[in-house]
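Enquirer: My structure is in upload32.cif, and what it holds is mmCIF, C-alpha atoms, pLDDT in the B column; chains and numbers go by the auth columns:
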```cif
data_query
#
loop_
_atom_site.group_PDB
_atom_site.id
_atom_site.type_symbol
_atom_site.label_atom_id
_atom_site.label_comp_id
_atom_site.label_asym_id
_atom_site.label_seq_id
_atom_site.Cartn_x
_atom_site.Cartn_y
_atom_site.Cartn_z
_atom_site.B_iso_or_equiv
_atom_site.auth_seq_id
_atom_site.auth_asym_id
ATOM 1 C CA MET A 1 23.612 76.682 -66.308 65.00 288 S
ATOM 2 C CA SER A 2 22.298 79.094 -68.981 87.00 289 S
ATOM 3 C CA ILE A 3 22.367 76.699 -71.933 93.00 290 S
ATOM 4 C CA LEU A 4 19.073 75.137 -72.974 91.00 291 S
ATOM 5 C CA LYS A 5 20.423 71.863 -74.336 94.00 292 S
ATOM 6 C CA ASN A 6 19.110 69.854 -77.255 95.00 293 S
ATOM 7 C CA GLU A 7 20.222 66.819 -79.231 96.00 294 S
ATOM 8 C CA ILE A 8 20.441 69.063 -82.305 96.00 295 S
ATOM 9 C CA PRO A 9 23.160 71.719 -81.720 96.00 296 S
ATOM 10 C CA ILE A 10 21.443 74.510 -83.677 95.00 297 S
ATOM 11 C CA LEU A 11 18.421 74.174 -81.378 96.00 298 S
ATOM 12 C CA GLU A 12 20.481 74.844 -78.245 96.00 299 S
ATOM 13 C CA PHE A 13 20.204 78.360 -76.847 96.00 300 S
ATOM 14 C CA ASP A 14 22.302 80.151 -74.232 96.00 301 S
ATOM 15 C CA THR A 15 20.295 82.739 -72.300 95.00 302 S
ATOM 16 C CA ASP A 16 23.484 84.569 -71.223 95.00 303 S
ATOM 17 C CA LYS A 17 23.664 87.802 -73.271 95.00 304 S
ATOM 18 C CA ALA A 18 27.409 88.194 -72.669 95.00 305 S
ATOM 19 C CA ALA A 19 29.961 86.270 -74.749 96.00 306 S
ATOM 20 C CA VAL A 20 33.694 85.691 -74.874 97.00 307 S
ATOM 21 C CA ILE A 21 33.858 88.234 -77.725 97.00 308 S
ATOM 22 C CA ASN A 22 31.218 90.925 -77.276 98.00 309 S
ATOM 23 C CA PRO A 23 30.291 93.287 -80.135 98.00 310 S
ATOM 24 C CA ASP A 24 31.931 96.234 -78.350 97.00 311 S
ATOM 25 C CA HIS A 25 35.048 94.278 -77.304 96.00 312 S
ATOM 26 C CA GLU A 26 37.332 96.773 -79.073 96.00 313 S
ATOM 27 C CA GLY A 27 36.199 99.561 -76.760 97.00 314 S
ATOM 28 C CA LEU A 28 36.040 102.133 -79.548 98.00 315 S
ATOM 29 C CA ASN A 29 35.490 105.790 -78.795 97.00 316 S
ATOM 30 C CA LEU A 30 32.314 105.695 -80.860 98.00 317 S
ATOM 31 C CA ARG A 31 28.805 106.875 -80.073 98.00 318 S
ATOM 32 C CA LEU A 32 26.270 106.368 -82.829 98.00 319 S
ATOM 33 C CA PRO A 33 22.840 108.018 -83.168 98.00 320 S
ATOM 34 C CA GLU A 34 19.890 106.049 -81.835 98.00 321 S
ATOM 35 C CA LYS A 35 18.220 105.950 -85.259 98.00 322 S
ATOM 36 C CA CYS A 36 19.777 103.855 -88.001 98.00 323 S
ATOM 37 C CA VAL A 37 19.182 102.743 -91.577 98.00 324 S
ATOM 38 C CA PHE A 38 20.922 99.422 -92.170 98.00 325 S
ATOM 39 C CA ALA A 39 20.146 98.616 -95.778 97.00 326 S
ATOM 40 C CA PHE A 40 20.854 95.888 -98.320 97.00 327 S
ATOM 41 C CA LEU A 41 21.255 98.359 -101.169 95.00 328 S
ATOM 42 C CA GLY A 42 24.788 97.625 -102.333 90.00 329 S
ATOM 43 C CA ASP A 43 26.998 100.549 -103.295 92.00 330 S
ATOM 44 C CA TYR A 44 24.017 102.900 -103.351 95.00 331 S
ATOM 45 C CA ILE A 45 24.571 103.529 -99.631 96.00 332 S
ATOM 46 C CA ASP A 46 28.042 104.929 -100.357 97.00 333 S
ATOM 47 C CA THR A 47 26.694 106.917 -103.317 97.00 334 S
ATOM 48 C CA TYR A 48 23.992 108.476 -101.172 97.00 335 S
ATOM 49 C CA ALA A 49 26.464 109.197 -98.364 97.00 336 S
ATOM 50 C CA GLN A 50 28.738 111.070 -100.742 97.00 337 S
ATOM 51 C CA LYS A 51 25.881 113.050 -102.308 96.00 338 S
ATOM 52 C CA SER A 52 24.332 113.970 -98.959 96.00 339 S
ATOM 53 C CA GLY A 53 27.562 114.984 -97.253 96.00 340 S
ATOM 54 C CA ALA A 54 27.377 112.214 -94.634 98.00 341 S
ATOM 55 C CA ARG A 55 30.334 111.793 -92.281 98.00 342 S
ATOM 56 C CA GLN A 56 32.138 108.475 -92.132 98.00 343 S
ATOM 57 C CA VAL A 57 32.754 107.896 -88.424 98.00 344 S
ATOM 58 C CA GLU A 58 34.009 104.302 -88.396 98.00 345 S
ATOM 59 C CA THR A 59 34.746 101.275 -90.576 98.00 346 S
ATOM 60 C CA PHE A 60 33.592 97.775 -89.716 98.00 347 S
ATOM 61 C CA ILE A 61 36.316 95.430 -90.944 96.00 348 S
ATOM 62 C CA SER A 62 35.398 91.884 -91.891 94.00 349 S
ATOM 63 C CA ALA A 63 37.730 89.294 -93.392 91.00 350 S
ATOM 64 C CA THR A 64 36.547 90.039 -96.934 93.00 351 S
ATOM 65 C CA LYS A 65 35.202 93.591 -96.974 94.00 352 S
ATOM 66 C CA HIS A 66 35.239 96.907 -95.153 97.00 353 S
ATOM 67 C CA TYR A 67 31.874 98.514 -94.319 98.00 354 S
ATOM 68 C CA PRO A 68 31.867 102.307 -93.846 98.00 355 S
ATOM 69 C CA ILE A 69 29.612 103.577 -91.075 98.00 356 S
ATOM 70 C CA TYR A 70 28.174 107.027 -91.713 98.00 357 S
ATOM 71 C CA ILE A 71 26.226 109.640 -89.807 98.00 358 S
ATOM 72 C CA THR A 72 23.918 111.747 -91.956 98.00 359 S
ATOM 73 C CA GLN A 73 21.548 114.606 -91.266 97.00 360 S
ATOM 74 C CA TYR A 74 18.101 113.952 -92.734 97.00 361 S
ATOM 75 C CA GLN A 75 15.291 116.415 -92.219 96.00 362 S
ATOM 76 C CA GLY A 76 16.980 117.664 -89.077 96.00 363 S
ATOM 77 C CA THR A 77 17.498 114.200 -87.575 97.00 364 S
ATOM 78 C CA GLU A 78 20.889 112.571 -87.085 98.00 365 S
ATOM 79 C CA ILE A 79 20.793 109.045 -88.519 98.00 366 S
ATOM 80 C CA CYS A 80 23.385 106.281 -88.673 98.00 367 S
ATOM 81 C CA LEU A 81 23.680 104.874 -92.190 98.00 368 S
ATOM 82 C CA CYS A 82 25.371 101.596 -93.062 98.00 369 S
ATOM 83 C CA GLN A 83 25.366 99.060 -95.876 98.00 370 S
ATOM 84 C CA ALA A 84 24.166 95.631 -94.711 98.00 371 S
ATOM 85 C CA PRO A 85 26.025 92.511 -95.866 97.00 372 S
ATOM 86 C CA VAL A 86 24.036 89.738 -97.523 97.00 373 S
ATOM 87 C CA GLY A 87 23.463 86.658 -95.364 98.00 374 S
ATOM 88 C CA ALA A 88 22.114 86.202 -91.856 98.00 375 S
ATOM 89 C CA ALA A 89 25.440 85.706 -90.068 98.00 376 S
ATOM 90 C CA PRO A 90 27.369 88.757 -91.363 98.00 377 S
ATOM 91 C CA ALA A 91 24.282 90.969 -91.258 98.00 378 S
ATOM 92 C CA ALA A 92 23.536 90.125 -87.620 98.00 379 S
ATOM 93 C CA GLN A 93 27.193 90.535 -86.667 98.00 380 S
ATOM 94 C CA LEU A 94 27.357 94.054 -88.080 98.00 381 S
ATOM 95 C CA MET A 95 23.980 95.085 -86.685 98.00 382 S
ATOM 96 C CA ASP A 96 24.984 93.758 -83.254 98.00 383 S
ATOM 97 C CA PHE A 97 28.077 95.996 -83.483 98.00 384 S
ATOM 98 C CA LEU A 98 25.948 99.038 -84.358 98.00 385 S
ATOM 99 C CA ILE A 99 23.599 98.380 -81.439 98.00 386 S
ATOM 100 C CA ALA A 100 26.541 98.001 -79.061 98.00 387 S
ATOM 101 C CA TYR A 101 27.689 101.510 -79.982 98.00 388 S
ATOM 102 C CA GLY A 102 24.368 103.268 -79.470 98.00 389 S
ATOM 103 C CA VAL A 103 21.891 102.394 -82.207 98.00 390 S
ATOM 104 C CA LYS A 104 18.415 101.612 -80.833 98.00 391 S
ATOM 105 C CA GLU A 105 15.873 102.059 -83.655 98.00 392 S
ATOM 106 C CA ILE A 106 16.731 100.402 -86.957 98.00 393 S
ATOM 107 C CA LEU A 107 15.107 99.996 -90.336 98.00 394 S
ATOM 108 C CA SER A 108 16.415 97.810 -93.125 98.00 395 S
ATOM 109 C CA ALA A 109 15.484 97.590 -96.789 97.00 396 S
ATOM 110 C CA GLY A 110 16.418 94.900 -99.239 95.00 397 S
ATOM 111 C CA SER A 111 15.346 92.705 -102.087 94.00 398 S
ATOM 112 C CA CYS A 112 13.428 89.457 -101.780 95.00 399 S
ATOM 113 C CA GLY A 113 12.317 86.637 -103.997 93.00 400 S
ATOM 114 C CA ALA A 114 8.615 86.611 -104.764 94.00 401 S
ATOM 115 C CA LEU A 115 6.738 83.397 -103.948 96.00 402 S
ATOM 116 C CA GLU A 116 3.492 84.947 -105.144 95.00 403 S
ATOM 117 C CA PRO A 117 2.967 86.700 -108.506 92.00 404 S
ATOM 118 C CA PHE A 118 4.074 90.166 -107.399 92.00 405 S
ATOM 119 C CA PRO A 119 5.445 92.518 -110.071 89.00 406 S
ATOM 120 C CA GLU A 120 9.132 93.404 -109.770 87.00 407 S
ATOM 121 C CA SER A 121 9.932 96.185 -107.276 84.00 408 S
ATOM 122 C CA THR A 122 6.709 95.697 -105.305 91.00 409 S
ATOM 123 C CA PHE A 123 7.224 96.987 -101.747 94.00 410 S
ATOM 124 C CA LEU A 124 6.182 94.637 -98.939 97.00 411 S
ATOM 125 C CA VAL A 125 6.553 94.599 -95.149 98.00 412 S
ATOM 126 C CA PRO A 126 7.247 91.362 -93.251 98.00 413 S
ATOM 127 C CA ARG A 127 5.177 90.912 -90.087 98.00 414 S
ATOM 128 C CA LYS A 128 6.854 87.638 -89.175 98.00 415 S
ATOM 129 C CA ALA A 129 9.634 85.464 -90.551 98.00 416 S
ATOM 130 C CA LEU A 130 10.060 81.711 -90.812 98.00 417 S
ATOM 131 C CA ARG A 131 13.440 80.848 -89.252 98.00 418 S
ATOM 132 C CA ASP A 132 15.148 78.645 -91.838 98.00 419 S
ATOM 133 C CA GLU A 133 18.618 80.093 -91.202 98.00 420 S
ATOM 134 C CA GLY A 134 21.124 79.409 -88.461 98.00 421 S
ATOM 135 C CA THR A 135 22.011 82.758 -86.933 98.00 422 S
ATOM 136 C CA SER A 136 18.710 83.539 -85.220 98.00 423 S
ATOM 137 C CA TYR A 137 19.060 80.446 -83.028 98.00 424 S
ATOM 138 C CA HIS A 138 22.044 82.079 -81.302 98.00 425 S
ATOM 139 C CA TYR A 139 19.884 85.111 -80.425 98.00 426 S
ATOM 140 C CA ALA A 140 16.485 83.617 -79.593 98.00 427 S
ATOM 141 C CA PRO A 141 15.169 80.267 -78.323 97.00 428 S
ATOM 142 C CA PRO A 142 13.978 77.856 -81.046 97.00 429 S
ATOM 143 C CA SER A 143 10.648 78.613 -82.703 98.00 430 S
ATOM 144 C CA ARG A 144 9.277 78.222 -86.197 98.00 431 S
ATOM 145 C CA PHE A 145 8.487 81.922 -86.689 98.00 432 S
ATOM 146 C CA ILE A 146 9.623 85.191 -85.163 98.00 433 S
ATOM 147 C CA GLU A 147 7.472 88.317 -85.056 98.00 434 S
ATOM 148 C CA ILE A 148 8.714 91.649 -86.383 98.00 435 S
ATOM 149 C CA ASP A 149 8.438 94.570 -83.947 98.00 436 S
ATOM 150 C CA GLU A 150 5.026 96.219 -84.297 98.00 437 S
ATOM 151 C CA ARG A 151 6.468 99.663 -83.519 98.00 438 S
ATOM 152 C CA ALA A 152 8.705 99.481 -86.580 98.00 439 S
ATOM 153 C CA ARG A 153 5.899 98.104 -88.745 98.00 440 S
ATOM 154 C CA SER A 154 3.599 100.941 -87.676 97.00 441 S
ATOM 155 C CA ALA A 155 6.192 103.555 -88.650 98.00 442 S
ATOM 156 C CA ILE A 156 6.704 101.848 -92.020 98.00 443 S
ATOM 157 C CA ALA A 157 2.953 101.667 -92.661 96.00 444 S
ATOM 158 C CA GLN A 158 2.489 105.343 -91.944 96.00 445 S
ATOM 159 C CA THR A 159 5.369 106.254 -94.239 97.00 446 S
ATOM 160 C CA ILE A 160 4.279 104.067 -97.145 95.00 447 S
ATOM 161 C CA LEU A 161 0.755 105.487 -97.011 95.00 448 S
ATOM 162 C CA GLU A 162 2.120 109.047 -96.871 96.00 449 S
ATOM 163 C CA HIS A 163 3.996 108.295 -100.097 95.00 450 S
ATOM 164 C CA GLY A 164 0.722 107.292 -101.720 94.00 451 S
ATOM 165 C CA MET A 165 1.736 103.653 -102.012 92.00 452 S
ATOM 166 C CA HIS A 166 -0.097 100.418 -101.259 90.00 453 S
ATOM 167 C CA TYR A 167 0.774 98.793 -97.920 88.00 454 S
ATOM 168 C CA LEU A 168 0.846 95.010 -97.631 94.00 455 S
ATOM 169 C CA GLU A 169 2.230 92.915 -94.769 97.00 456 S
ATOM 170 C CA VAL A 170 3.524 89.416 -95.517 98.00 457 S
ATOM 171 C CA ILE A 171 5.126 86.382 -93.939 98.00 458 S
ATOM 172 C CA THR A 172 8.669 85.935 -95.227 98.00 459 S
ATOM 173 C CA TRP A 173 10.896 82.862 -95.423 98.00 460 S
ATOM 174 C CA SER A 174 14.473 83.511 -94.257 98.00 461 S
ATOM 175 C CA THR A 175 16.918 80.903 -95.528 98.00 462 S
ATOM 176 C CA ASP A 176 20.672 80.371 -95.727 97.00 463 S
ATOM 177 C CA GLY A 177 20.358 78.034 -98.709 96.00 464 S
ATOM 178 C CA PHE A 178 20.037 80.192 -101.819 95.00 465 S
ATOM 179 C CA TYR A 179 20.738 77.181 -104.038 96.00 466 S
ATOM 180 C CA ARG A 180 18.576 74.860 -101.915 96.00 467 S
ATOM 181 C CA GLU A 181 15.212 76.455 -102.586 96.00 468 S
ATOM 182 C CA THR A 182 13.807 73.280 -104.120 95.00 469 S
ATOM 183 C CA LYS A 183 10.443 73.091 -105.861 95.00 470 S
ATOM 184 C CA GLU A 184 8.972 71.047 -103.039 97.00 471 S
ATOM 185 C CA LYS A 185 10.320 73.348 -100.356 97.00 472 S
ATOM 186 C CA VAL A 186 9.027 76.441 -102.163 96.00 473 S
ATOM 187 C CA ALA A 187 5.582 74.837 -102.332 97.00 474 S
ATOM 188 C CA TYR A 188 5.815 73.880 -98.642 97.00 475 S
ATOM 189 C CA ARG A 189 6.739 77.420 -97.572 98.00 476 S
ATOM 190 C CA LYS A 190 3.909 78.849 -99.671 97.00 477 S
ATOM 191 C CA SER A 191 1.501 76.468 -97.942 98.00 478 S
ATOM 192 C CA GLU A 192 2.665 77.943 -94.609 98.00 479 S
ATOM 193 C CA GLY A 193 1.731 81.400 -95.812 98.00 480 S
ATOM 194 C CA CYS A 194 5.132 82.692 -96.918 98.00 481 S
ATOM 195 C CA ALA A 195 4.887 85.222 -99.759 98.00 482 S
ATOM 196 C CA THR A 196 8.579 86.145 -100.020 97.00 483 S
ATOM 197 C CA VAL A 197 12.008 84.601 -99.489 97.00 484 S
ATOM 198 C CA GLU A 198 15.195 86.335 -98.364 98.00 485 S
ATOM 199 C CA MET A 199 18.230 85.570 -96.210 98.00 486 S
ATOM 200 C CA GLU A 200 18.325 87.839 -93.148 98.00 487 S
ATOM 201 C CA CYS A 201 14.960 88.902 -91.745 98.00 488 S
ATOM 202 C CA SER A 202 14.529 86.334 -88.970 98.00 489 S
ATOM 203 C CA ALA A 203 18.139 86.726 -87.802 98.00 490 S
ATOM 204 C CA LEU A 204 17.960 90.515 -87.580 98.00 491 S
ATOM 205 C CA ALA A 205 14.640 90.352 -85.748 98.00 492 S
ATOM 206 C CA ALA A 206 16.151 87.949 -83.202 98.00 493 S
ATOM 207 C CA CYS A 207 19.310 90.029 -82.768 98.00 494 S
ATOM 208 C CA ALA A 208 17.338 93.220 -82.172 98.00 495 S
ATOM 209 C CA LYS A 209 15.039 91.525 -79.686 98.00 496 S
ATOM 210 C CA LEU A 210 17.914 90.140 -77.610 98.00 497 S
ATOM 211 C CA ARG A 211 19.656 93.516 -77.523 98.00 498 S
ATOM 212 C CA GLY A 212 16.535 95.538 -76.719 98.00 499 S
ATOM 213 C CA ALA A 213 16.490 97.414 -80.034 98.00 500 S
ATOM 214 C CA ILE A 214 13.574 98.061 -82.394 98.00 501 S
ATOM 215 C CA TRP A 215 14.007 96.686 -85.904 98.00 502 S
ATOM 216 C CA GLY A 216 11.814 96.437 -88.977 98.00 503 S
ATOM 217 C CA MET A 217 12.222 95.821 -92.689 98.00 504 S
ATOM 218 C CA ILE A 218 10.958 97.002 -96.041 98.00 505 S
ATOM 219 C CA LEU A 219 11.238 94.386 -98.780 97.00 506 S
ATOM 220 C CA TYR A 220 11.027 94.962 -102.515 94.00 507 S
ATOM 221 C CA THR A 221 10.556 92.082 -104.935 92.00 508 S
ATOM 222 C CA ALA A 222 13.454 91.111 -107.172 85.00 509 S
ATOM 223 C CA ASP A 223 13.492 87.639 -108.744 79.00 510 S
ATOM 224 C CA THR A 224 10.372 85.476 -108.757 84.00 511 S
ATOM 225 C CA LEU A 225 9.826 81.873 -107.731 86.00 512 S
ATOM 226 C CA ALA A 226 6.048 82.145 -108.026 89.00 513 S
ATOM 227 C CA ASP A 227 6.192 79.705 -110.951 85.00 514 S
ATOM 228 C CA ALA A 228 8.816 77.137 -109.986 81.00 515 S
ATOM 229 C CA GLU A 229 8.860 75.782 -113.539 87.00 516 S
ATOM 230 C CA HIS A 230 9.865 79.160 -114.973 83.00 517 S
ATOM 231 C CA TYR A 231 12.241 80.906 -112.590 86.00 518 S
ATOM 232 C CA ASP A 232 12.921 84.545 -113.546 82.00 519 S
ATOM 233 C CA GLU A 233 15.680 86.632 -111.969 80.00 520 S
ATOM 234 C CA ARG A 234 14.284 89.761 -113.683 71.00 521 S
ATOM 235 C CA SER A 235 16.475 92.809 -112.863 72.00 522 S
ATOM 236 C CA TRP A 236 16.973 91.971 -109.176 67.00 523 S
ATOM 237 C CA GLY A 237 14.911 95.026 -108.211 67.00 524 S
ATOM 238 C CA ALA A 238 17.823 97.394 -108.857 69.00 525 S
ATOM 239 C CA ASN A 239 15.518 100.278 -109.807 80.00 526 S
ATOM 240 C CA ALA A 240 14.033 100.283 -106.275 88.00 527 S
ATOM 241 C CA TYR A 241 17.168 101.407 -104.406 92.00 528 S
ATOM 242 C CA GLU A 242 16.483 105.134 -104.223 93.00 529 S
ATOM 243 C CA LEU A 243 12.864 104.817 -103.110 94.00 530 S
ATOM 244 C CA ALA A 244 13.712 102.052 -100.629 95.00 531 S
ATOM 245 C CA LEU A 245 16.294 104.248 -98.914 97.00 532 S
ATOM 246 C CA THR A 246 13.954 107.244 -98.855 97.00 533 S
ATOM 247 C CA LEU A 247 11.216 105.153 -97.239 97.00 534 S
ATOM 248 C CA CYS A 248 13.656 103.950 -94.564 98.00 535 S
ATOM 249 C CA LEU A 249 14.943 107.446 -93.809 98.00 536 S
ATOM 250 C CA ASP A 250 11.395 108.773 -93.527 98.00 537 S
ATOM 251 C CA ALA A 251 10.072 105.845 -91.509 98.00 538 S
ATOM 252 C CA VAL A 252 12.916 105.527 -88.985 98.00 539 S
ATOM 253 C CA GLN A 253 12.111 109.029 -87.740 97.00 540 S
ATOM 254 C CA LYS A 254 8.581 107.870 -86.891 97.00 541 S
ATOM 255 C CA ILE A 255 9.583 104.940 -84.655 97.00 542 S
ATOM 256 C CA LYS A 256 8.487 105.574 -81.089 88.00 543 S
ATOM 257 C CA ARG A 257 9.828 103.544 -78.202 83.00 544 S
#
```
Spit out the file's structure as structure tokens when you get a sec.

Expert:
Amino acid sequence: MSILKNEIPILEFDTDKAAVINPDHEGLNLRLPEKCVFAFLGDYIDTYAQKSGARQVETFISATKHYPIYITQYQGTEICLCQAPVGAAPAAQLMDFLIAYGVKEILSAGSCGALEPFPESTFLVPRKALRDEGTSYHYAPPSRFIEIDERARSAIAQTILEHGMHYLEVITWSTDGFYRETKEKVAYRKSEGCATVEMECSALAACAKLRGAIWGMILYTADTLADAEHYDERSWGANAYELALTLCLDAVQKIKR
């Protein structure tokens, strides 16, 4: 039996990597580049794809939205480019699909809530994530934290420094409960060392690890929960999109297996 059973269902883990519905179950005639940018940058991904002359090679169809999958040429390297959906479950599902069709080295970029007094649009790199979401437990055995691949972090560090920016690694809190970030829980997570909060990091790290891919993330601060008495959504970090994508495109080329 491959299931590690537990009284709490979310803490049960099946070591069998195959499922009834596998991510390549459609058997598409699709071969994606090994390098991929899978970014939480909204419609900016489509805007960049159109401006750069990227080719749309497939569409991932979910019940509520279609996600174009592009291949772009960047500095002589062929890179898969795809918008990432918000939330651990849909993000992991789409990334699992991309990996099944050839992607092996992946960088993501997206906004996060600041638990420390970082200015808006501060770029940060998670080195590990606290697993307070459900999806990661289907990809990795239960644990409180999950480490982010050092090979991806090294490529990101090199890139950020080349851009003349400050490099800071953090612990991030990945949660499904956007409206359940209570004052006490925020304080608790800060006491554990978490400096940011977002919704996907731990799940994507677990998915990549199970599938043998390399994955890392660049976060930029959006809203702030540093002062729980005075929450500020600010501008959601919207002015960071262009630089975030550039950093990912530069850094993904530096990942070495």

Enquirer: What does the distance from atom CA of Leu394 of chain S to atom CA of Glu365 of chain S come to in Å, to one decimal?

Expert: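 If I compute the distance from atom CA of Leu394 of chain S to atom CA of Glu365 of chain S, I get 14.2 Å.
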
Enquirer: For this structure, which residues satisfy the selection - the PyMOL selection byres ((chain S and resi 519) around 12) - when it is evaluated on the file as given? I want them as a ChimeraX atom specification.

Expert: /S:400-402,404,406-407,508-518,520-524

Enquirer: Restricting it to C-alpha atoms, dump the selection as a PDB file, keeping the file's coordinate frame.

Expert:
```pdb
ATOM      1  CA  GLY S 400      12.317  86.637-103.997  1.00 93.00           C
ATOM      2  CA  ALA S 401       8.615  86.611-104.764  1.00 94.00           C
ATOM      3  CA  LEU S 402       6.738  83.397-103.948  1.00 96.00           C
ATOM      4  CA  PRO S 404       2.967  86.700-108.506  1.00 92.00           C
ATOM      5  CA  PRO S 406       5.445  92.518-110.071  1.00 89.00           C
ATOM      6  CA  GLU S 407       9.132  93.404-109.770  1.00 87.00           C
ATOM      7  CA  THR S 508      10.556  92.082-104.935  1.00 92.00           C
ATOM      8  CA  ALA S 509      13.454  91.111-107.172  1.00 85.00           C
ATOM      9  CA  ASP S 510      13.492  87.639-108.744  1.00 79.00           C
ATOM     10  CA  THR S 511      10.372  85.476-108.757  1.00 84.00           C
ATOM     11  CA  LEU S 512       9.826  81.873-107.731  1.00 86.00           C
ATOM     12  CA  ALA S 513       6.048  82.145-108.026  1.00 89.00           C
ATOM     13  CA  ASP S 514       6.192  79.705-110.951  1.00 85.00           C
ATOM     14  CA  ALA S 515       8.816  77.137-109.986  1.00 81.00           C
ATOM     15  CA  GLU S 516       8.860  75.782-113.539  1.00 87.00           C
ATOM     16  CA  HIS S 517       9.865  79.160-114.973  1.00 83.00           C
ATOM     17  CA  TYR S 518      12.241  80.906-112.590  1.00 86.00           C
ATOM     18  CA  GLU S 520      15.680  86.632-111.969  1.00 80.00           C
ATOM     19  CA  ARG S 521      14.284  89.761-113.683  1.00 71.00           C
ATOM     20  CA  SER S 522      16.475  92.809-112.863  1.00 72.00           C
ATOM     21  CA  TRP S 523      16.973  91.971-109.176  1.00 67.00           C
ATOM     22  CA  GLY S 524      14.911  95.026-108.211  1.00 67.00           C
TER      23      GLY S 524
END
```

Enquirer: For Gly329 of chain S, work out the shell of residues within 10 Å, counting all atoms listed in the file and skipping chain neighbours fewer than 4 positions away, then give it as a PDB file with C-alpha atoms, keeping the file's coordinate frame.

Expert:
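And here's around.pdb as it stands now:
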```
ATOM      1  CA  ASP S 333      28.042 104.929-100.357  1.00 97.00           C
ATOM      2  CA  THR S 334      26.694 106.917-103.317  1.00 97.00           C
ATOM      3  CA  GLN S 370      25.366  99.060 -95.876  1.00 98.00           C
ATOM      4  CA  ALA S 371      24.166  95.631 -94.711  1.00 98.00           C
ATOM      5  CA  PRO S 372      26.025  92.511 -95.866  1.00 97.00           C
ATOM      6  CA  VAL S 373      24.036  89.738 -97.523  1.00 97.00           C
ATOM      7  CA  GLY S 397      16.418  94.900 -99.239  1.00 95.00           C
ATOM      8  CA  ALA S 525      17.823  97.394-108.857  1.00 69.00           C
ATOM      9  CA  TYR S 528      17.168 101.407-104.406  1.00 92.00           C
TER      10      TYR S 528
END
```

Enquirer: Report the distance between atom CA of Phe327 of chain S and atom CA of Pro413 of chain S in Å, rounded to one decimal place.

Expert: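 Distance reported for this atom pair: 15.2 Å.
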
Enquirer: Would you write out, as a compact mmCIF listing (two decimals) with C-alpha atoms, in the frame of the given file, every residue that the PyMOL selection byres ((chain S and resi 315-326) around 9) captures in this file?

Expert:
```
# COMPACT_ATOMS: atom_id res chain seq x y z
CA ASP S 311 31.93 96.23 -78.35
CA HIS S 312 35.05 94.28 -77.30
CA GLU S 313 37.33 96.77 -79.07
CA GLY S 314 36.20 99.56 -76.76
CA PHE S 327 20.85 95.89 -98.32
CA LEU S 328 21.26 98.36 -101.17
CA GLY S 329 24.79 97.62 -102.33
CA ILE S 332 24.57 103.53 -99.63
CA VAL S 344 32.75 107.90 -88.42
CA GLU S 345 34.01 104.30 -88.40
CA ILE S 358 26.23 109.64 -89.81
CA THR S 364 17.50 114.20 -87.58
CA GLU S 365 20.89 112.57 -87.08
CA ILE S 366 20.79 109.04 -88.52
CA CYS S 367 23.38 106.28 -88.67
CA LEU S 368 23.68 104.87 -92.19
CA CYS S 369 25.37 101.60 -93.06
CA GLN S 370 25.37 99.06 -95.88
CA ALA S 371 24.17 95.63 -94.71
CA PRO S 372 26.02 92.51 -95.87
CA MET S 382 23.98 95.08 -86.68
CA LEU S 385 25.95 99.04 -84.36
CA ILE S 386 23.60 98.38 -81.44
CA TYR S 388 27.69 101.51 -79.98
CA GLY S 389 24.37 103.27 -79.47
CA VAL S 390 21.89 102.39 -82.21
CA LYS S 391 18.42 101.61 -80.83
CA GLU S 392 15.87 102.06 -83.66
CA ILE S 393 16.73 100.40 -86.96
CA LEU S 394 15.11 100.00 -90.34
CA SER S 395 16.42 97.81 -93.12
CA ALA S 396 15.48 97.59 -96.79
CA GLY S 397 16.42 94.90 -99.24
CA MET S 504 12.22 95.82 -92.69
CA ALA S 531 13.71 102.05 -100.63
CA LEU S 532 16.29 104.25 -98.91
CA CYS S 535 13.66 103.95 -94.56
CA LEU S 536 14.94 107.45 -93.81
CA VAL S 539 12.92 105.53 -88.98
CA GLN S 540 12.11 109.03 -87.74
CA ILE S 542 9.58 104.94 -84.66
```

Enquirer: Taking 3 positions as the minimum chain separation for residues in the same chain, which residues sit within 8 Å of Ile458 of chain S when counting only C-alpha atoms? Answer as JSON, numbers by chain.

Expert: {"S": [413, 414, 415, 416, 417, 480, 481, 482, 483]}

Enquirer: Name the residues that the PyMOL selection byres ((chain S and resi 443) around 9) picks from the file above, as a list of chain:residue names, using the file's chain letters and numbers.

Expert: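 Residues picked by the PyMOL selection byres ((chain S and resi 443) around 9): S:Leu394, S:Val412, S:Arg438, S:Ala439, S:Arg440, S:Ser441, S:Ala442, S:Ala444, S:Gln445, S:Thr446, S:Ile447, S:Leu448, S:Tyr454, S:Gly503, S:Met504, S:Ile505, S:Leu534, S:Cys535, S:Asp537, S:Ala538, S:Val539, S:Lys541, S:Ile542.
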
Enquirer: Taking (28.7, 95.1, -80.2) in the file's coordinates as the center, which residues reach within 6 Å of it, counting all atoms listed in the file, put as a list in words?

Expert: Asn309, Pro310, Asp311, Asp383, Phe384 and Ala387 of chain S

Enquirer: Include C-alpha atoms and write out the residues we just selected as an mmCIF file, in the frame of the given file.

Expert:
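Everything below was put into out-v1.cif:
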```cif
data_model
loop_
_atom_site.group_PDB
_atom_site.id
_atom_site.type_symbol
_atom_site.label_atom_id
_atom_site.label_comp_id
_atom_site.auth_asym_id
_atom_site.auth_seq_id
_atom_site.Cartn_x
_atom_site.Cartn_y
_atom_site.Cartn_z
ATOM 1 C CA ASN S 309 31.218 90.925 -77.276
ATOM 2 C CA PRO S 310 30.291 93.287 -80.135
ATOM 3 C CA ASP S 311 31.931 96.234 -78.350
ATOM 4 C CA ASP S 383 24.984 93.758 -83.254
ATOM 5 C CA PHE S 384 28.077 95.996 -83.483
ATOM 6 C CA ALA S 387 26.541 98.001 -79.061
#
```

Enquirer: Name all residues at most 8 Å from Ala375 of chain S (count only C-alpha atoms; drop same-chain ones fewer than 2 positions away) and give them as a PyMOL selection string.

Expert: chain S and resi 373+377-379+420-423+463+486-488+490-491
